[in-house]
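Engineer: Sharing upload-v8.txt, compact mmCIF, C-alpha atoms:
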```txt
# COMPACT_ATOMS: atom_id res chain seq x y z
CA MET A 1 13.87 -1.19 -1.09
CA LEU A 2 12.78 -4.54 0.36
CA GLN A 3 10.71 -6.84 -1.83
CA MET A 4 9.40 -9.20 0.88
CA VAL A 5 6.57 -8.12 3.16
CA SER A 6 7.03 -8.97 6.85
CA SER A 7 4.59 -11.05 8.86
CA TYR A 8 3.68 -7.90 10.83
CA PHE A 9 2.26 -6.13 7.78
CA LYS A 10 0.68 -9.31 6.39
CA SER A 11 -1.15 -9.74 9.69
CA LEU A 12 -2.18 -6.10 9.58
CA LEU A 13 -3.60 -6.50 6.05
CA LEU A 14 -5.53 -9.59 7.13
CA GLY A 15 -7.01 -7.49 9.93
CA LEU A 16 -8.07 -4.92 7.33
CA GLY A 17 -10.05 -7.58 5.51
CA ILE A 18 -7.63 -8.46 2.70
CA ASN A 19 -7.45 -12.25 2.36
CA LYS A 20 -4.22 -14.25 2.32
CA GLU A 21 -4.46 -15.15 -1.37
CA ARG A 22 -4.88 -11.51 -2.40
CA ILE A 23 -1.92 -10.49 -0.23
CA GLU A 24 0.27 -13.15 -1.87
CA ILE A 25 -0.75 -11.98 -5.35
CA LEU A 26 0.00 -8.35 -4.47
CA GLU A 27 3.35 -9.26 -2.97
CA GLY A 28 4.28 -11.47 -5.93
CA LYS A 29 3.74 -8.75 -8.52
CA GLY A 30 5.16 -5.92 -6.42
CA GLY A 31 1.80 -4.33 -5.74
CA ILE A 32 2.74 -3.84 -2.08
CA LEU A 33 6.24 -2.99 -0.93
CA GLU A 34 7.70 -2.73 2.55
CA ASP A 35 9.86 0.34 2.94
CA GLU A 36 11.75 2.34 5.57
CA PHE A 37 12.54 5.99 6.22
CA GLU A 38 14.93 7.00 8.98
CA GLY A 39 14.13 3.92 11.05
CA ILE A 40 10.35 3.94 10.60
CA ARG A 41 8.95 1.06 8.56
CA TYR A 42 5.83 1.25 6.44
CA LEU A 43 3.94 -0.51 3.66
CA ARG A 44 3.42 1.26 0.34
CA PHE A 45 0.72 0.33 -2.16
CA LYS A 46 1.66 0.42 -5.85
CA ASP A 47 -1.71 -1.17 -6.71
CA SER A 48 -5.16 -0.45 -5.36
CA VAL A 49 -6.94 -3.13 -3.37
CA ALA A 50 -10.37 -2.90 -1.71
CA ASN A 51 -10.66 0.68 -0.39
CA LEU A 52 -6.88 1.15 -0.20
CA ARG A 53 -5.98 3.23 -3.22
CA ARG A 54 -2.67 3.21 -5.04
CA GLY A 55 -0.27 5.40 -3.08
CA THR A 56 -1.72 4.32 0.29
CA VAL A 57 0.82 4.15 3.11
CA VAL A 58 0.30 1.86 6.10
CA PHE A 59 2.22 2.06 9.39
CA ASP A 60 -0.21 0.41 11.79
CA PHE A 61 -3.99 0.06 12.27
CA HIS A 62 -4.35 3.71 13.26
CA ASN A 63 -1.85 5.28 10.90
CA ILE A 64 -3.12 4.54 7.40
CA ILE A 65 -2.73 7.38 4.91
CA LEU A 66 -4.95 6.63 1.94
CA GLY A 67 -3.67 7.34 -1.56
CA PHE A 68 -4.98 10.60 -2.93
CA PRO A 69 -7.81 9.97 -5.41
CA HIS A 70 -7.51 11.12 -9.01
CA ILE A 71 -9.94 13.98 -9.59
CA LYS A 72 -12.09 13.71 -12.69
CA ARG A 73 -11.86 16.50 -15.22
CA VAL A 74 -14.32 18.00 -17.67
CA VAL A 75 -13.40 19.43 -21.06
CA GLN A 76 -16.79 21.01 -21.91
CA LEU A 77 -17.24 23.43 -19.03
CA GLU A 78 -20.98 24.17 -19.18
CA ASN A 79 -22.16 20.63 -19.79
CA GLY A 80 -19.71 19.28 -17.22
CA VAL A 81 -21.04 21.62 -14.54
CA LYS A 82 -24.65 20.74 -15.42
CA ARG A 83 -23.99 17.01 -15.29
CA VAL A 84 -21.99 16.97 -12.04
CA PHE A 85 -23.64 19.69 -9.93
CA LYS A 86 -27.09 19.99 -11.53
CA ARG A 87 -28.36 23.33 -10.17
CA LYS A 88 -26.60 23.07 -6.81
CA PRO A 89 -23.89 25.54 -5.73
CA PHE A 90 -20.22 24.62 -5.48
CA TYR A 91 -16.93 26.14 -4.41
CA VAL A 92 -14.40 27.14 -7.08
CA GLU A 93 -10.73 27.25 -6.12
CA GLU A 94 -7.44 27.41 -7.95
CA LYS A 95 -5.80 24.34 -9.38
CA VAL A 96 -2.19 25.13 -8.51
CA ASP A 97 0.62 23.96 -10.80
CA GLY A 98 2.79 21.91 -8.45
CA TYR A 99 3.21 18.43 -6.99
CA ASN A 100 0.72 16.67 -4.73
CA VAL A 101 1.69 15.93 -1.11
CA ARG A 102 -0.07 14.47 1.92
CA VAL A 103 1.27 15.57 5.29
CA ALA A 104 0.65 13.53 8.43
CA GLN A 105 2.04 12.88 11.90
CA ILE A 106 3.42 9.40 12.56
CA GLU A 107 4.94 8.43 15.92
CA GLY A 108 5.31 12.08 16.87
CA ARG A 109 7.05 13.06 13.61
CA VAL A 110 5.54 14.83 10.62
CA PHE A 111 6.15 13.37 7.17
CA ALA A 112 5.24 14.42 3.64
CA PHE A 113 4.15 11.72 1.20
CA THR A 114 4.24 11.91 -2.58
CA ARG A 115 1.32 10.69 -4.69
CA GLY A 116 3.13 7.36 -5.13
CA GLY A 117 3.39 6.86 -1.35
CA PHE A 118 7.07 7.70 -0.90
CA ILE A 119 8.21 9.83 2.02
CA CYS A 120 9.85 12.80 0.31
CA PRO A 121 12.99 13.92 2.20
CA PHE A 122 12.87 17.42 0.71
CA THR A 123 9.20 18.12 1.41
CA THR A 124 9.38 16.52 4.85
CA GLU A 125 12.20 18.89 5.78
CA ARG A 126 10.61 22.01 4.32
CA ILE A 127 6.96 21.49 5.34
CA GLU A 128 7.48 23.02 8.79
CA ASP A 129 8.36 26.28 7.02
CA PHE A 130 4.75 26.52 5.86
CA VAL A 131 2.55 24.55 8.26
CA ASN A 132 1.92 25.29 11.93
CA MET A 133 2.94 22.06 13.68
CA GLU A 134 0.41 22.76 16.46
CA PHE A 135 -2.21 21.50 14.03
CA PHE A 136 -0.91 17.93 14.34
CA LYS A 137 -0.89 18.12 18.13
CA ASP A 138 -4.55 19.07 18.09
CA TYR A 139 -5.59 16.86 15.15
CA PRO A 140 -3.21 13.85 15.05
CA ASN A 141 -5.72 11.81 13.03
CA LEU A 142 -6.04 14.28 10.16
CA VAL A 143 -3.98 14.54 6.98
CA LEU A 144 -3.20 17.80 5.21
CA CYS A 145 -3.40 17.47 1.43
CA GLY A 146 -1.84 20.19 -0.63
CA GLU A 147 0.29 21.30 -3.52
CA MET A 148 3.95 22.26 -3.26
CA ALA A 149 4.63 24.78 -5.98
CA GLY A 150 7.26 27.27 -7.04
CA PRO A 151 10.29 27.74 -9.28
CA GLU A 152 12.59 25.86 -6.88
CA SER A 153 10.88 22.47 -6.99
CA PRO A 154 12.64 19.10 -7.18
CA TYR A 155 9.93 17.63 -9.42
CA LEU A 156 8.75 20.37 -11.80
CA VAL A 157 10.68 22.87 -13.89
CA GLU A 158 8.04 25.60 -13.45
CA GLY A 159 5.54 26.87 -10.91
CA PRO A 160 2.72 29.40 -10.61
CA PRO A 161 3.65 32.88 -11.85
CA TYR A 162 2.98 34.50 -8.46
CA VAL A 163 5.59 32.35 -6.64
CA LYS A 164 8.73 34.22 -7.65
CA GLU A 165 11.30 32.22 -5.69
CA ASP A 166 11.73 29.12 -3.55
CA ILE A 167 8.59 26.99 -3.06
CA LYS A 168 5.31 27.26 -1.16
CA PHE A 169 2.62 24.96 0.23
CA PHE A 170 -1.04 25.36 -0.74
CA LEU A 171 -3.66 23.39 1.23
CA PHE A 172 -6.65 22.08 -0.76
CA ASP A 173 -8.04 19.22 1.34
CA ILE A 174 -8.00 17.77 4.85
CA GLN A 175 -8.70 14.05 5.19
CA GLU A 176 -9.11 11.53 7.97
CA LYS A 177 -6.59 8.76 8.44
CA ARG A 178 -7.88 5.24 7.67
CA THR A 179 -11.11 6.39 5.97
CA GLY A 180 -9.68 9.04 3.64
CA ARG A 181 -12.89 11.03 4.17
CA SER A 182 -12.52 14.72 3.35
CA LEU A 183 -13.72 17.41 5.71
CA PRO A 184 -16.40 19.69 4.26
CA VAL A 185 -14.92 22.74 2.53
CA LYS A 186 -16.23 25.11 5.22
CA ASP A 187 -14.52 23.12 8.00
CA ARG A 188 -11.25 22.97 6.07
CA LEU A 189 -11.27 26.73 5.52
CA LYS A 190 -11.97 27.33 9.22
CA ILE A 191 -9.05 25.13 10.30
CA ALA A 192 -6.72 26.73 7.75
CA GLU A 193 -7.58 30.18 9.07
CA GLU A 194 -7.23 29.12 12.71
CA TYR A 195 -3.75 27.65 12.23
CA GLY A 196 -2.54 30.03 9.53
CA ILE A 197 -2.07 27.26 6.98
CA PRO A 198 -1.63 28.71 3.47
CA SER A 199 -4.34 27.54 1.08
CA VAL A 200 -5.23 27.60 -2.58
CA GLU A 201 -7.14 30.70 -3.62
CA ILE A 202 -10.92 30.43 -3.28
CA PHE A 203 -12.63 32.25 -6.16
CA GLY A 204 -16.11 32.00 -4.70
CA ILE A 205 -19.32 29.99 -4.80
CA TYR A 206 -20.87 29.39 -8.22
CA ASP A 207 -23.74 27.45 -9.77
CA ILE A 208 -24.89 26.81 -13.33
CA SER A 209 -26.64 30.20 -13.48
CA LYS A 210 -23.19 31.82 -13.12
CA ILE A 211 -21.57 29.89 -15.99
CA ASN A 212 -20.63 33.11 -17.81
CA GLY A 213 -18.84 34.33 -14.71
CA LEU A 214 -17.03 31.02 -14.54
CA ARG A 215 -15.94 31.42 -18.17
CA GLU A 216 -14.65 34.92 -17.38
CA LEU A 217 -12.67 33.48 -14.47
CA ILE A 218 -11.09 30.89 -16.80
CA GLU A 219 -10.10 33.65 -19.23
CA ASN A 220 -8.57 35.74 -16.43
CA LEU A 221 -6.56 32.74 -15.26
CA ARG A 222 -5.43 32.06 -18.84
CA GLU A 223 -4.17 35.63 -19.17
CA GLN A 224 -2.34 35.29 -15.84
CA ARG A 225 -0.72 32.01 -17.02
CA ARG A 226 -2.34 30.00 -14.24
CA GLU A 227 -3.30 26.35 -14.48
CA GLY A 228 -7.03 26.16 -13.87
CA ILE A 229 -9.81 25.53 -11.36
CA VAL A 230 -11.19 22.78 -9.15
CA MET A 231 -14.96 22.75 -8.47
CA LYS A 232 -16.14 21.13 -5.22
CA SER A 233 -19.52 20.47 -3.67
CA PHE A 234 -19.82 21.75 -0.11
CA ASP A 235 -19.55 18.19 1.28
CA MET A 236 -16.60 17.25 -1.01
CA LYS A 237 -18.59 14.37 -2.51
CA ARG A 238 -18.49 15.79 -6.06
CA ILE A 239 -15.22 17.25 -7.39
CA ILE A 240 -14.13 18.08 -10.94
CA LYS A 241 -11.28 20.06 -12.46
CA TYR A 242 -10.85 22.18 -15.57
CA VAL A 243 -7.59 23.59 -16.92
CA THR A 244 -6.95 26.70 -18.97
CA PRO A 245 -5.83 26.56 -22.60
CA TYR A 246 -2.55 28.14 -21.46
CA ALA A 247 -1.86 25.14 -19.20
CA ASN A 248 -2.50 22.65 -21.99
CA ILE A 249 -0.10 24.35 -24.39
CA ASN A 250 2.51 24.96 -21.70
CA ASP A 251 2.43 21.30 -20.61
CA ILE A 252 3.04 20.27 -24.23
CA CYS A 253 5.96 22.70 -24.47
CA ILE A 254 7.56 21.28 -21.31
CA GLY A 255 6.89 17.67 -22.32
CA ALA A 256 8.18 18.04 -25.87
CA ARG A 257 11.67 18.64 -24.53
CA VAL A 258 11.69 15.02 -23.32
CA LEU A 259 9.21 13.68 -25.89
CA PHE A 260 10.62 10.14 -26.02
CA GLU A 261 10.27 9.79 -22.23
CA LEU A 262 6.50 10.38 -22.29
CA PRO A 263 3.61 8.32 -23.66
CA HIS A 264 1.96 9.80 -26.73
CA GLY A 265 -1.25 9.99 -24.70
CA TYR A 266 0.36 12.77 -22.64
CA PHE A 267 0.28 15.03 -25.69
CA MET A 268 -3.00 13.80 -27.18
CA GLN A 269 -4.89 14.39 -23.92
CA ARG A 270 -3.80 18.02 -23.86
CA ILE A 271 -4.56 18.54 -27.54
CA LYS A 272 -8.02 17.06 -26.91
CA ARG A 273 -8.65 19.45 -24.02
CA LEU A 274 -7.57 22.42 -26.13
CA ALA A 275 -9.80 21.33 -29.04
CA PHE A 276 -12.86 21.15 -26.76
CA TYR A 277 -12.06 24.61 -25.37
CA LEU A 278 -11.82 26.09 -28.88
CA SER A 279 -15.06 24.36 -29.87
CA GLU A 280 -17.02 25.44 -26.79
CA ARG A 281 -15.85 29.05 -27.11
CA LYS A 282 -16.46 29.00 -30.89
CA ILE A 283 -12.98 30.39 -31.54
CA ARG A 284 -12.33 30.91 -35.26
CA ASP A 285 -10.29 32.85 -37.81
CA ALA A 286 -7.36 34.94 -36.54
CA GLU A 287 -7.75 33.89 -32.89
CA PHE A 288 -7.89 30.22 -33.92
CA GLU A 289 -4.69 30.72 -35.94
CA LYS A 290 -2.99 32.08 -32.83
CA TYR A 291 -3.82 28.94 -30.87
CA ALA A 292 -2.83 26.67 -33.74
CA THR A 293 0.51 28.45 -34.09
CA ALA A 294 1.15 28.34 -30.34
CA LEU A 295 0.35 24.62 -30.25
CA GLY A 296 2.62 23.79 -33.18
CA LYS A 297 5.47 25.83 -31.75
CA ALA A 298 5.03 24.28 -28.27
CA LEU A 299 5.25 20.78 -29.70
CA LEU A 300 8.00 21.28 -32.28
CA GLU A 301 10.42 23.89 -30.95
CA PRO A 302 11.57 22.10 -27.74
CA PHE A 303 11.74 18.76 -29.57
CA VAL A 304 13.87 20.19 -32.37
CA GLU A 305 16.14 21.83 -29.78
CA SER A 306 16.57 18.44 -28.10
CA ILE A 307 17.59 16.92 -31.43
CA TRP A 308 20.12 19.71 -31.96
CA ASP A 309 21.53 19.13 -28.47
CA VAL A 310 21.96 15.39 -28.96
CA SER A 311 23.40 15.78 -32.46
CA GLY A 312 25.94 18.15 -30.91
CA GLY A 313 27.03 15.53 -28.38
CA GLU A 314 24.98 16.67 -25.39
CA GLU A 315 22.51 14.76 -23.25
CA ILE A 316 18.88 15.71 -22.82
CA ALA A 317 18.57 17.04 -19.30
CA GLU A 318 16.60 19.37 -17.05
CA VAL A 319 18.15 21.50 -14.31
CA PHE A 320 16.38 21.95 -10.96
CA THR A 321 17.18 24.22 -8.03
CA VAL A 322 15.98 23.70 -4.44
CA ARG A 323 16.66 25.14 -1.00
CA VAL A 324 17.31 22.84 1.95
CA LYS A 325 18.13 23.42 5.60
CA HIS A 326 20.60 20.56 5.89
CA ILE A 327 23.06 19.53 3.23
CA GLU A 328 22.28 15.88 4.01
CA THR A 329 18.78 16.42 2.61
CA ALA A 330 20.26 16.95 -0.84
CA TYR A 331 21.91 13.56 -0.77
CA LYS A 332 18.76 11.94 0.58
CA MET A 333 16.94 13.43 -2.41
CA VAL A 334 19.47 11.91 -4.79
CA SER A 335 18.92 8.51 -3.17
CA HIS A 336 15.16 9.05 -3.37
CA PHE A 337 15.34 9.78 -7.11
CA GLU A 338 17.65 6.83 -7.74
CA ARG A 339 15.06 4.55 -6.14
CA LEU A 340 12.58 5.95 -8.66
CA GLY A 341 14.99 4.93 -11.44
CA LEU A 342 16.05 8.49 -12.29
CA LYS A 343 19.55 9.62 -13.22
CA ILE A 344 20.52 12.62 -11.09
CA HIS A 345 23.72 14.66 -10.79
CA ILE A 346 24.31 17.39 -8.19
CA GLU A 347 25.83 20.26 -10.14
CA GLU A 348 26.31 22.96 -7.53
CA ILE A 349 25.94 23.51 -3.76
CA GLU A 350 25.81 27.06 -2.43
CA GLU A 351 25.49 28.22 1.17
CA MET A 352 22.93 31.01 1.51
CA PRO A 353 23.12 33.84 4.10
CA ASN A 354 19.77 32.83 5.68
CA GLY A 355 21.02 29.42 6.81
CA TYR A 356 19.73 27.46 3.85
CA TRP A 357 21.67 25.69 1.14
CA ARG A 358 20.83 26.16 -2.53
CA ILE A 359 21.27 22.91 -4.45
CA MET A 360 21.35 22.75 -8.23
CA PHE A 361 20.95 19.29 -9.72
CA LYS A 362 20.53 17.91 -13.19
CA ARG A 363 18.13 15.17 -14.21
CA VAL A 364 19.44 13.33 -17.28
CA TYR A 365 17.14 11.44 -19.67
CA PRO A 366 19.33 8.63 -21.05
CA GLU A 367 16.60 6.78 -22.97
CA ALA A 368 15.43 9.89 -24.83
CA THR A 369 19.06 10.79 -25.55
CA ARG A 370 19.80 7.29 -26.85
CA GLU A 371 16.74 7.15 -29.10
CA ILE A 372 17.40 10.54 -30.66
CA ARG A 373 21.09 9.70 -31.13
CA GLU A 374 20.24 6.44 -32.92
CA LEU A 375 17.73 8.15 -35.20
CA TRP A 376 20.16 10.99 -35.96
CA ASN A 377 22.86 8.46 -36.80
CA GLY A 378 20.64 6.84 -39.37
CA HIS A 379 19.44 3.69 -37.59
CA PRO A 380 16.50 2.23 -39.57
CA PHE A 381 13.31 1.39 -37.69
CA VAL A 382 9.78 0.13 -38.22
CA ASP A 383 6.89 2.42 -37.23
```
What does this structure look like when you write it as structure tokens?

Structural biologist:
Amino acid sequence: MLQMVSSYFKSLLLGLGINKERIEILEGKGGILEDEFEGIRYLRFKDSVANLRRGTVVFDFHNIILGFPHIKRVVQLENGVKRVFKRKPFYVEEKVDGYNVRVAQIEGRVFAFTRGGFICPFTTERIEDFVNMEFFKDYPNLVLCGEMAGPESPYLVEGPPYVKEDIKFFLFDIQEKRTGRSLPVKDRLKIAEEYGIPSVEIFGIYDISKINGLRELIENLREQRREGIVMKSFDMKRIIKYVTPYANINDICIGARVLFELPHGYFMQRIKRLAFYLSERKIRDAEFEKYATALGKALLEPFVESIWDVSGGEEIAEVFTVRVKHIETAYKMVSHFERLGLKIHIEEIEEMPNGYWRIMFKRVYPEATREIRELWNGHPFVD
């Protein structure tokens, strides 16, 4: 990764209205970084500036892929819907448990960008398995925003329960280059149908008068072990998300395995969401005990297992499996992760009969391992 920004990109930023002093400050603190992928150079934003959000990727004046905005969430469903949508109707669609990607055509090639603005070698290779490339010929100035989800993901250890193998793409937004403006939901659904692009499930159109139906939907998703919902005004100007209690507890269970690698806020945010759910639904007595037990077990059991592993001489690690078309993609992924500061080992490479390769790799967490080992060995500390 190059630390200096070339005169080409500095000139481009000046043309976008960012003054020289601001550019120098951004460059000095690493807020903008010049990068390269297979011969194509681009500028990646680690900090937001003006209307260019963190995760924005700039190639030239026409090819600017804005960082994907963080969607606000509500934890009190009824009051959140009232405050955001008033009495107006809104679409409700599934919040899929995966990783966020933006897919766009640059210089005749289609790339997939992570939330941080990296070109992901794995997703870039696999995206043509799910998206009709004719779309980009007809709409070169649009960006497909979606979730990659499934049990064979390079970033997450789990996926939605209905994706039984491999990984899938789920479209949830289409945006314009440069402006980042989202197409209205109706237009996005029409394009997705026309080009056969797989999309997140649409549960229907709701308003505040249908709040009980919305609660029933949340309960059905909880029982199906699905993550939650995203609510969107027809024009995409107002968007909020809400997750199921299952997702909050499951996130804690996954995170507790690598507890020392995560900020404490990761756990407290999910406990807060669960507490508001229990309060809004007035859950008490035996049902409350079930949630309390599930929460305690989710937090403690994986953490205790990690301590046992380290005390037995093992490292804390997670194992991921992915399918790639070209074996070189696996090594590009390793390089990609190393640039992110992660410790990755390829454990197994298997040729599949359908022309793909199955790659099993292990992500090791050295800091969490070290901290647990020191505590187990009796190192004193101040808390």

Engineer: Can you check which parts of segment 168-259 of chain A lie within 12 Å of segment 363-378 of chain A? Per residue, the shortest pair of atoms and distance in Å to one decimal, counting only C-alpha atoms, sorted by chain and number, as a Markdown table.

Structural biologist:
```
| residue | atom | partner | partner_atom | distance |
| --- | --- | --- | --- | --- |
| A:Gly255 | CA | A:Ala368 | CA | 11.8 |
| A:Ala256 | CA | A:Ala368 | CA | 11.0 |
| A:Arg257 | CA | A:Ala368 | CA | 9.5 |
| A:Val258 | CA | A:Ala368 | CA | 6.5 |
| A:Leu259 | CA | A:Ala368 | CA | 7.4 |
```

Engineer: Report the distance between atom CA of Leu12 of chain A and atom CA of Phe136 of chain A in Å, rounded to one decimal place.

Structural biologist: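 That distance, rounded to one decimal, is 24.5 Å.
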
Engineer: Go through A:Pro198, A:Gly228, A:Gly15, A:Pro140 and flag the residue nearest Glu128 of chain A, using all atoms listed in the file for the distances.

Structural biologist: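 For Glu128 of chain A, the nearest of the given residues is A:Pro198.
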
Engineer: Just to confirm, what's the straight-line distance from atom CA of Ala286 of chain A to atom CA of Ile229 of chain A in Å (one decimal)?

Structural biologist: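 According to the coordinates, atom CA of Ala286 of chain A and atom CA of Ile229 of chain A are separated by 27.0 Å.
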
Engineer: Report the distance between atom CA of Glu27 of chain A and atom CA of Gly39 of chain A in Å, rounded to one decimal place.

Structural biologist: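 That distance, rounded to one decimal, is 22.1 Å.
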
Engineer: With all atoms listed in the file as the counted atoms, please give the residues lying no more than 9 Å from Ile205 of chain A, apart from itself and same-chain residues fewer than 5 positions off, as a list of chain:residue names.

Structural biologist: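 In the requested form, the answer reads A:Pro89, A:Phe90, A:Tyr91, A:Val92.
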
Engineer: Go through A:Glu301, A:Asp251, A:Asp173, A:Glu261 one by one, measure the shortest atom-to-atom distance of each to Glu147 of chain A using all atoms listed in the file, and give the residue with the smallest value.

Structural biologist: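 The shortest atom-to-atom distance to Glu147 of chain A comes from A:Asp173.
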
Engineer: Closest to Gly80 of chain A among A:Arg238, A:Lys343, A:Arg323, A:His62, using all atoms listed in the file?

Structural biologist: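 The shortest atom-to-atom distance to Gly80 of chain A comes from A:Arg238.
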
Engineer: Counting all atoms listed in the file, figure out which residue out of A:Phe113, A:Phe320, A:Phe234, A:Tyr331 gets nearest to Glu152 of chain A.

Structural biologist: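 Checking each candidate against Glu152 of chain A, we get A:Phe320 as the closest.
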
Engineer: Kindly indicate which residue among A:Phe135, A:Phe68, A:Phe337, A:Phe260 lies nearest to Thr179 of chain A, using only C-alpha atoms for the distances.

Structural biologist: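 When distances to Thr179 of chain A are compared using only C-alpha atoms, the smallest one comes from A:Phe68.
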
Engineer: I need the residue nearest Ser279 of chain A from this list: A:Pro121, A:Val75, A:Pro69, A:Glu176. Use all atoms listed in the file for the distance.

Structural biologist: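 So, comparing all the options, the nearest one is A:Val75.
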
Engineer: Select from segment 60-134 of chain A every residue with an atom at most 12 Å from any atom of segment 48-53 of chain A, then for each give the shortest pair of atoms and their distance in Å to one decimal, using only C-alpha atoms, rows by chain and rising number, as a tab-separated table.

Structural biologist:
```
residue	atom	partner	partner_atom	distance
A:Ile64	CA	A:Leu52	CA	9.1
A:Ile65	CA	A:Leu52	CA	9.1
A:Leu66	CA	A:Leu52	CA	6.2
A:Gly67	CA	A:Arg53	CA	5.0
A:Phe68	CA	A:Arg53	CA	7.4
A:Pro69	CA	A:Arg53	CA	7.3
A:His70	CA	A:Arg53	CA	9.9
A:Arg115	CA	A:Arg53	CA	10.5
A:Gly116	CA	A:Arg53	CA	10.2
A:Gly117	CA	A:Arg53	CA	10.2
```

Engineer: If we count only C-alpha atoms and set the cut-off at 12 Å, which residues sit around Arg188 of chain A, ignoring sequence neighbours fewer than 5 positions away in its own chain? Please answer as a ChimeraX atom specification.

Structural biologist: /A:142-146,171-176,182-183,193-200,202,234-236

Engineer: Excluding Leu299 of chain A and its own-chain neighbours fewer than 2 positions away, which residues fall within 8 Å of it when counting all atoms listed in the file? Please give them as a short mmCIF file (atom, residue, chain, number, x, y, z; two decimals) with C-alpha atoms, in the frame of the given file.

Structural biologist:
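Generated output (out_35.cif):
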```
data_model
loop_
_atom_site.label_atom_id
_atom_site.label_comp_id
_atom_site.auth_asym_id
_atom_site.auth_seq_id
_atom_site.Cartn_x
_atom_site.Cartn_y
_atom_site.Cartn_z
CA ILE A 252 3.04 20.27 -24.23
CA CYS A 253 5.96 22.70 -24.47
CA ALA A 256 8.18 18.04 -25.87
CA LEU A 295 0.35 24.62 -30.25
CA GLY A 296 2.62 23.79 -33.18
CA LYS A 297 5.47 25.83 -31.75
CA GLU A 301 10.42 23.89 -30.95
CA PRO A 302 11.57 22.10 -27.74
CA PHE A 303 11.74 18.76 -29.57
#
```
